[in-house]
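Please read the structure below before turning to the comments.
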Amino acid sequence: MANEVSTLNGLFKERYADSVKELVPDHVKLYNAVKFDTSKKVGDSYNEPVILSLESGFTYGGEEGSLFDLNDVKEFKMRKASIKARELVLRSAISIGALSRSGSDKQAIEKAMDLMVGNMLKSVYHRLEVQMFYGQSGIGIVSTDIVGGAASEAVKIQASEWAAGIWNGTTGSEVDVFRAGTIVATYEVEGYSLKDRSVSLKKAAGVLGAAEIAENDVIYFRGAATDTGKNEFLGVHGISTETSNLFGISNATEPLFQGSIVEVGTDATPVVLSFAKIEEGIAAMVEKGLMEEEVSCYVNPKQWNSLLTEIDAKRSYDSSYSPAKQEAGTREITFHGQNGNIKVIASTFVKEGFSYLICEKDLKRIGSEEVTFKRPDGEEYLELLENKHGIEMRCYTDQALFTARPASLCVLKNITVA
């Protein structure tokens, strides 16, 4: 069987055309929890009316039963939230020789396609999960410049800004380093140390940098941000902390259209996360209208052990209880708060200095296209390279994270790990 694009297209359609959604990896927990809204395919933008206040046109008549005058109507405050989807494209290529030398039968070609498509999907969902948490907020802030110069540097990331899941598998990726909102250099990731919370970087080929990396520089994946704006969608962290303008609505004086922020410790003295602080965050959400609704608390895996010491007092035991679940206890902890159930979920994408309380049912992903290998005309992004002896495949999505109730989010900050 010839290794031609027509042959590969046929195999691709047979194996992947209808099953991409089933291939989402389990570790992108927030992405899996927040569903793509297929009922509203976004054109230029997605718009939704948001009520920011209660009715206030009351008149108190007293006890006389007189023919009293009525106060004027005071209409409730309503604004239009607006959000645009953000595009993300992954290009991948494989040589014809690699396909040919893996064998000439159909099974071998399918295996090569499996490897290529599988790794592309892992890569796309990795970037999307990072955006779900930290879109427009950066993937790390520099603590110190360990060693190096203009061409190659090793930098330590602030402990509070480190998340192993963000950096895992990024060797060869490119990042932009910002200072005061301006790019100072573009680097390629040469390696990273999970133990030391450090990243080894070298200047990207053909890209000049104005200066060496310095303390408090902010790192983004290349192209996610520019000197004039952000190309990635706003994540949970940004939505939770925005108190100026959110989804086109001025929310500086609108607490019901703001997330909540709870200080677990202080900037100078971060402390270990506790159930008491989680419940303090729930209380802040309840003040803004959270009812008896299930909330998920996403924590860094290193925060997990500190919570296990309180598990016996807080665990929810019901008809689903089993000793096996209690003994394993590695996927989630459930306990009762004033809102109802609170699920604690460990995610390697959560930075060590933060955790997030999320009423997941209030979040949705909107846009014109979920993750796909298909062009708008229905054909696959699969073609012969023009100047290389190989084929190129593309994976594409156009989406953003949205909530009409930001008050159903809370960020817990200034956390240290035991």
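Residue numbers start at 1 in each chain; chains themselves are named A, B, ... in the order of the structure tokens; ligands are numbered from 1 in the order shown.
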Open item on the list: According to DSSP computed on the backbone, where in region 141-209 of chain A is there strand (DSSP E or B)? Give the residues as a VMD selection string.
Closed with: chain A and resid 141 to 148 152 to 157 174 to 179 182 to 193 198 to 203
Open item on the list: Give me, as a ChimeraX atom specification, all polymer residues having an atom no more than 6 Å from region 123-130 of chain A, counting only C-alpha atoms and skipping those fewer than 4 positions away in the same chain.
Closed with: /A:28,31,134
Open item on the list: Which of region 145-373 of chain A end up as alpha helix (DSSP H) when DSSP is run on this backbone - answer as a ChimeraX atom specification?
Closed with: /A:164-167,236-241,275-287,301-308,311-314,323-328
- [ ] Pick out the residues sitting within 8 Å of Ala214 (chain A), and hand them over as a list in words; count only C-alpha atoms, and ignore anything fewer than 6 positions along from it in its own chain.
- [x] Val142, Thr144 and Asp145 of chain A
Written selection (C-alpha atoms) as a PDB file, in the first residue's frame:
ATOM      1  CA  VAL A 142      11.019  34.566  37.579  1.00  0.00           C
ATOM      2  CA  THR A 144      16.153  34.456  40.326  1.00  0.00           C
ATOM      3  CA  ASP A 145      18.495  34.130  37.373  1.00  0.00           C
TER       4      ASP A 145
END
Task: Coordinates-based distance that separates CA of Cys410 (chain A) from CA of Met285 (chain A) (Å, one decimal) - done: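 Separation of CA of Met285 (chain A) and CA of Cys410 (chain A): 7.0 Å.
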TODO: Might you pull out every residue within 10 Å of Met132 (chain A), with only C-alpha atoms counted and same-chain residues fewer than 3 positions away left off, and present them as an MDAnalysis selection string?
DONE: chainID A and resid 28:31 34 126:129 135:136 232:238 349 365 400:401
Show me, as a tab-separated table, the residues of region 173-292 of chain A having an atom within 9 Å of region 40-58 of chain A, each with the closest atom pair and its distance in Å, using only C-alpha atoms.
residue	atom	partner	partner_atom	distance
A:Glu254	CA	A:Leu52	CA	7.0
A:Pro255	CA	A:Leu52	CA	8.8
A:Leu256	CA	A:Leu52	CA	6.5
A:Phe257	CA	A:Leu52	CA	7.0
For the residues in the current selection, export C-alpha atoms as an mmCIF file, in the first residue's frame.
data_model
loop_
_atom_site.group_PDB
_atom_site.id
_atom_site.type_symbol
_atom_site.label_atom_id
_atom_site.label_comp_id
_atom_site.auth_asym_id
_atom_site.auth_seq_id
_atom_site.Cartn_x
_atom_site.Cartn_y
_atom_site.Cartn_z
ATOM 1 C CA GLU A 254 -20.186 45.411 40.983
ATOM 2 C CA PRO A 255 -19.269 42.729 43.588
ATOM 3 C CA LEU A 256 -21.795 40.297 42.091
ATOM 4 C CA PHE A 257 -19.805 40.390 38.846
#
Open item on the list: Between CA of Lys374 (chain A) and CA of Glu87 (chain A), what distance in Å does the model show, to one decimal?
Closed with: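 The value is 14.2 Å.
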